[in-house]
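To be precise, the following lines are model-v3.tsv, and they hold TSV, C-alpha atoms.
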chain	number	residue	atom	x	y	z
A	1239	MET	CA	62.42	176.44	190.96
A	1240	ASP	CA	60.50	174.88	193.82
A	1241	GLU	CA	56.98	176.27	194.18
A	1242	LYS	CA	56.93	175.67	197.93
A	1243	LEU	CA	59.85	176.79	200.08
A	1244	ALA	CA	60.17	174.61	203.15
A	1245	TRP	CA	61.16	176.43	206.34
A	1246	ASP	CA	63.91	173.89	207.01
A	1247	VAL	CA	65.96	175.31	204.15
A	1248	VAL	CA	66.15	178.71	205.83
A	1249	LYS	CA	69.46	179.14	207.58
A	1250	THR	CA	71.50	181.61	209.53
A	1251	ILE	CA	74.81	182.53	208.02
A	1252	GLY	CA	77.52	184.11	210.10
A	1253	GLU	CA	78.88	183.76	213.58
A	1254	GLY	CA	76.38	182.88	216.27
A	1255	ALA	CA	78.22	184.85	218.98
A	1256	TRP	CA	80.81	187.61	219.02
A	1257	GLY	CA	82.27	190.33	221.21
A	1258	LEU	CA	81.61	194.06	220.81
A	1259	VAL	CA	83.59	195.45	223.73
A	1260	VAL	CA	86.38	193.48	225.36
A	1261	SER	CA	88.16	194.79	228.46
A	1262	ASN	CA	86.71	198.29	227.95
A	1263	GLN	CA	87.76	198.54	224.30
A	1264	LYS	CA	85.42	198.61	221.29
A	1265	LEU	CA	86.54	195.95	218.82
A	1266	ALA	CA	87.67	197.23	215.43
A	1267	ASN	CA	86.13	194.74	212.98
A	1268	LEU	CA	82.47	194.97	214.01
A	1269	THR	CA	81.20	195.65	210.48
A	1270	GLN	CA	82.25	192.12	209.51
A	1271	LYS	CA	80.16	190.50	212.27
A	1272	LYS	CA	76.72	189.95	210.75
A	1273	VAL	CA	74.07	187.24	210.65
A	1274	ASN	CA	71.03	186.63	208.49
A	1275	ALA	CA	68.01	184.38	208.07
A	1276	VAL	CA	67.51	183.63	204.38
A	1277	PRO	CA	66.71	180.61	202.20
A	1278	ASN	CA	69.63	178.34	201.44
A	1279	VAL	CA	69.83	179.04	197.70
A	1280	GLN	CA	72.74	178.94	195.29
A	1281	ASP	CA	71.96	182.31	193.68
A	1282	TRP	CA	71.78	185.00	196.38
A	1283	GLN	CA	70.41	187.46	193.80
A	1284	SER	CA	67.17	185.46	193.80
A	1285	ILE	CA	66.50	186.98	197.24
A	1286	ALA	CA	65.11	190.43	196.45
A	1287	GLY	CA	63.35	193.49	197.83
A	1288	ALA	CA	65.19	194.08	201.11
A	1289	ARG	CA	64.26	197.24	203.01
A	1290	GLY	CA	65.72	199.00	206.00
A	1291	PRO	CA	67.78	199.12	208.03
A	1292	GLU	CA	65.63	199.31	211.12
A	1293	GLU	CA	67.32	199.94	214.46
A	1294	VAL	CA	66.82	199.50	218.19
A	1295	PRO	CA	69.01	201.42	220.67
A	1296	LEU	CA	70.19	199.71	223.86
A	1297	SER	CA	71.92	201.33	226.82
A	1298	TYR	CA	73.93	200.22	229.80
A	1299	GLU	CA	74.49	202.75	232.59
A	1300	GLN	CA	75.90	201.72	235.92
A	1301	SER	CA	76.86	203.45	239.12
A	1302	TRP	CA	78.42	201.55	241.99
A	1303	TYR	CA	77.50	202.07	245.64
A	1304	TYR	CA	80.72	203.94	246.39
A	1305	THR	CA	79.85	206.78	244.02
A	1306	SER	CA	76.57	208.59	243.36
A	1307	GLU	CA	77.27	209.25	239.68
A	1308	ASP	CA	77.01	206.96	236.67
A	1309	THR	CA	80.42	205.46	236.32
A	1310	THR	CA	79.98	203.48	233.12
A	1311	ARG	CA	77.91	204.19	230.03
A	1312	CYS	CA	77.72	202.10	226.88
A	1313	HIS	CA	75.27	202.56	224.00
A	1314	VAL	CA	74.77	200.07	221.19
A	1315	ARG	CA	72.26	199.66	218.36
A	1316	VAL	CA	70.83	196.52	216.80
A	1317	TYR	CA	70.30	196.98	213.04
A	1318	TRP	CA	68.57	194.73	210.51
A	1319	MET	CA	67.42	194.65	206.91
A	1320	HIS	CA	64.04	193.03	206.29
A	1321	SER	CA	61.26	192.19	203.82
A	1322	ALA	CA	63.47	190.31	201.39
A	1323	THR	CA	61.54	187.71	199.41
A	1324	TYR	CA	62.39	184.51	197.59
A	1325	GLN	CA	60.29	183.65	194.52
A	1326	GLY	CA	57.98	186.49	195.57
A	1327	ARG	CA	57.14	184.94	198.93
A	1328	GLY	CA	58.29	185.03	202.49
A	1329	ALA	CA	59.91	187.83	204.47
A	1330	TYR	CA	63.55	187.28	205.28
A	1331	ILE	CA	66.35	189.03	207.16
A	1332	PRO	CA	69.26	189.37	204.72
A	1333	GLU	CA	71.46	191.09	207.29
A	1334	ALA	CA	71.51	191.88	211.02
A	1335	TRP	CA	74.30	193.38	213.11
A	1336	VAL	CA	75.05	195.29	216.30
A	1337	ASP	CA	77.24	198.38	216.49
A	1338	VAL	CA	78.74	200.16	219.48
A	1339	ILE	CA	77.75	203.83	219.44
A	1340	ASP	CA	79.87	204.87	222.41
A	1341	VAL	CA	81.65	203.55	225.47
A	1342	ASP	CA	82.14	206.13	228.23
A	1343	PRO	CA	84.06	204.59	231.10
A	1344	THR	CA	84.13	207.68	233.32
A	1345	TRP	CA	85.07	205.74	236.42
A	1346	TRP	CA	87.83	203.78	234.73
A	1347	THR	CA	90.13	206.78	235.06
A	1348	PHE	CA	89.77	206.42	238.85
A	1349	ALA	CA	89.34	202.64	239.03
A	1350	PRO	CA	91.20	201.14	236.08
A	1351	ASP	CA	90.49	197.63	237.32
A	1352	ASN	CA	86.78	197.94	236.40
A	1353	VAL	CA	86.21	195.88	233.25
A	1354	LEU	CA	83.26	196.02	230.83
A	1355	ASN	CA	82.62	193.34	228.22
A	1356	VAL	CA	79.73	193.43	225.74
A	1357	ASN	CA	78.80	190.33	223.77
A	1358	VAL	CA	76.17	189.40	221.19
A	1359	GLU	CA	74.61	186.02	220.60
A	1360	ALA	CA	72.20	185.34	217.73
A	1361	HIS	CA	69.50	182.70	218.25
A	1362	GLY	CA	67.39	181.16	215.51
A	1363	PRO	CA	66.24	181.43	212.85
A	1364	TYR	CA	62.60	180.83	213.70
A	1365	ASN	CA	59.48	181.02	211.54
A	1366	ALA	CA	56.96	183.65	212.69
A	1367	GLY	CA	54.80	182.99	209.60
A	1368	THR	CA	53.40	179.90	207.93
A	1369	PRO	CA	55.20	177.06	206.14
A	1370	GLU	CA	53.90	178.43	202.82
A	1371	ASP	CA	54.80	182.05	203.54
A	1372	PRO	CA	57.62	182.13	206.14
A	1373	ILE	CA	58.55	185.20	208.17
A	1374	ALA	CA	62.09	185.00	209.48
A	1375	GLN	CA	62.70	185.77	213.13
A	1376	LEU	CA	66.02	186.12	214.97
A	1377	VAL	CA	66.72	186.88	218.61
A	1378	MET	CA	69.80	189.02	219.24
A	1379	ALA	CA	70.93	188.74	222.88
A	1380	VAL	CA	73.20	191.64	223.88
A	1381	THR	CA	74.93	191.13	227.23
A	1382	PHE	CA	76.69	193.87	229.19
A	1383	ASP	CA	78.99	192.42	231.85
A	1384	GLU	CA	80.96	194.71	234.18
A	1385	ARG	CA	83.22	193.73	237.05
A	1386	SER	CA	84.13	196.42	239.54
A	1387	ALA	CA	87.49	197.04	241.12
A	1388	VAL	CA	86.08	195.85	244.47
A	1389	GLY	CA	84.85	192.50	243.16
A	1390	GLU	CA	81.21	193.30	242.36
A	1391	GLN	CA	79.64	192.17	239.11
A	1392	GLU	CA	76.71	193.54	237.13
A	1393	THR	CA	75.35	191.56	234.17
A	1394	ARG	CA	72.41	192.66	232.03
A	1395	THR	CA	71.11	190.95	228.92
A	1396	HIS	CA	68.69	192.55	226.46
A	1397	HIS	CA	66.89	190.19	224.07
A	1398	VAL	CA	65.91	191.91	220.82
A	1399	THR	CA	63.54	189.86	218.63
A	1400	ILE	CA	63.63	191.01	215.01
A	1401	PHE	CA	61.30	189.98	212.20
A	1402	GLY	CA	61.70	189.59	208.47
A	1403	ASP	CA	58.48	191.48	207.72
A	1404	GLY	CA	59.71	194.74	209.26
A	1405	ARG	CA	57.36	194.82	212.24
A	1406	PRO	CA	58.74	196.59	215.33
A	1407	ALA	CA	61.29	194.65	217.32
A	1408	GLN	CA	60.38	193.21	220.70
A	1409	VAL	CA	62.83	194.09	223.46
A	1410	SER	CA	62.98	192.31	226.79

Translate the structure of the given file into structure tokens.
Amino acid sequence: MDEKLAWDVVKTIGEGAWGLVVSNQKLANLTQKKVNAVPNVQDWQSIAGARGPEEVPLSYEQSWYYTSEDTTRCHVRVYWMHSATYQGRGAYIPEAWVDVIDVDPTWWTFAPDNVLNVNVEAHGPYNAGTPEDPIAQLVMAVTFDERSAVGEQETRTHHVTIFGDGRPAQVS
């Protein structure tokens, strides 16, 4: 096998973008929506030593001007496995995904025209290490988009940067 693994052979497998909540409903097949940042090798068993999962919770809570209480709550978590190596080197992300923990549309019982959509987009992979000893990095952008019954819109995007070496995620 190659003694030096070039970063350009690291790839992301999986969909680059997918929905979590569409029109107030959690989608059923979320466990199948995953991405990774691993070397492009024929034998996946040559990627070894994964640890985790790590997790980062994200929340969306919104109240509209015509009520003083939170009217919408949605909690999700970004999960990822890390520290996988190839030929004893590197630190890769063999699996990353986002799961919906709960969707609590309190106001929707009074204003059924309010609509919440939650989407994920994976960016990368990037190399946070060196060419000789790569550290995979992915950015998971989770966007909460709610439209109110009176035509207002609230959009919030959280960017979660995850690393193949298991260091804490950066959230912005």

Can you pull out every residue within 10 Å of Val1341 of chain A, counting only C-alpha atoms, but drop anything in the same chain fewer than 2 positions away, and send it as a PyMOL selection string? chain A and resi 1259+1262-1264+1298+1310-1314+1338-1339+1343-1344+1354

Next on the checklist: I'd like the interatomic distance between atom CA of Thr1381 of chain A and atom CA of Asn1278 of chain A, to a tenth of an Å.
Outcome noted: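 So the two atoms, atom CA of Thr1381 of chain A and atom CA of Asn1278 of chain A, lie 29.3 Å apart.
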
Judged by only C-alpha atoms, the minimum distance to Arg1385 of chain A among A:Asn1274, A:Asn1352, A:Gln1300, A:Gln1280 is found for A:Asn1352

Just the residues within 9 Å of Val1353 of chain A, please, counting all atoms listed in the file, with nothing from its chain fewer than 5 positions along; format it as JSON, numbers by chain.
{"A": [1260, 1261, 1262, 1346, 1383, 1384, 1385, 1386, 1387]}

Of A:Glu1333, A:Glu1299, A:Glu1292, A:Asp1351, the one sitting nearest Val1276 of chain A when using all atoms listed in the file is A:Glu1333

Which neighbours of segment 1315-1326 of chain A fall inside 10 Å, counting all atoms listed in the file, when residues of the same chain fewer than 2 positions from it are skipped, and could you give them as an MDAnalysis selection string?
chainID A and resid 1239:1243 1272:1277 1279 1282:1297 1313 1328:1339 1358 1371:1374 1378:1380 1398 1400:1405 1407

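Atom pair atom CA of Gly1257 of chain A / atom CA of Gln1375 of chain A: separated by 21.7 Å.
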
Between atom CA of Pro1406 of chain A and atom CA of Asn1355 of chain A, measure the distance and give it in Å to one decimal.
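Value for the atom CA of Pro1406 of chain A-atom CA of Asn1355 of chain A distance: 27.3 Å.
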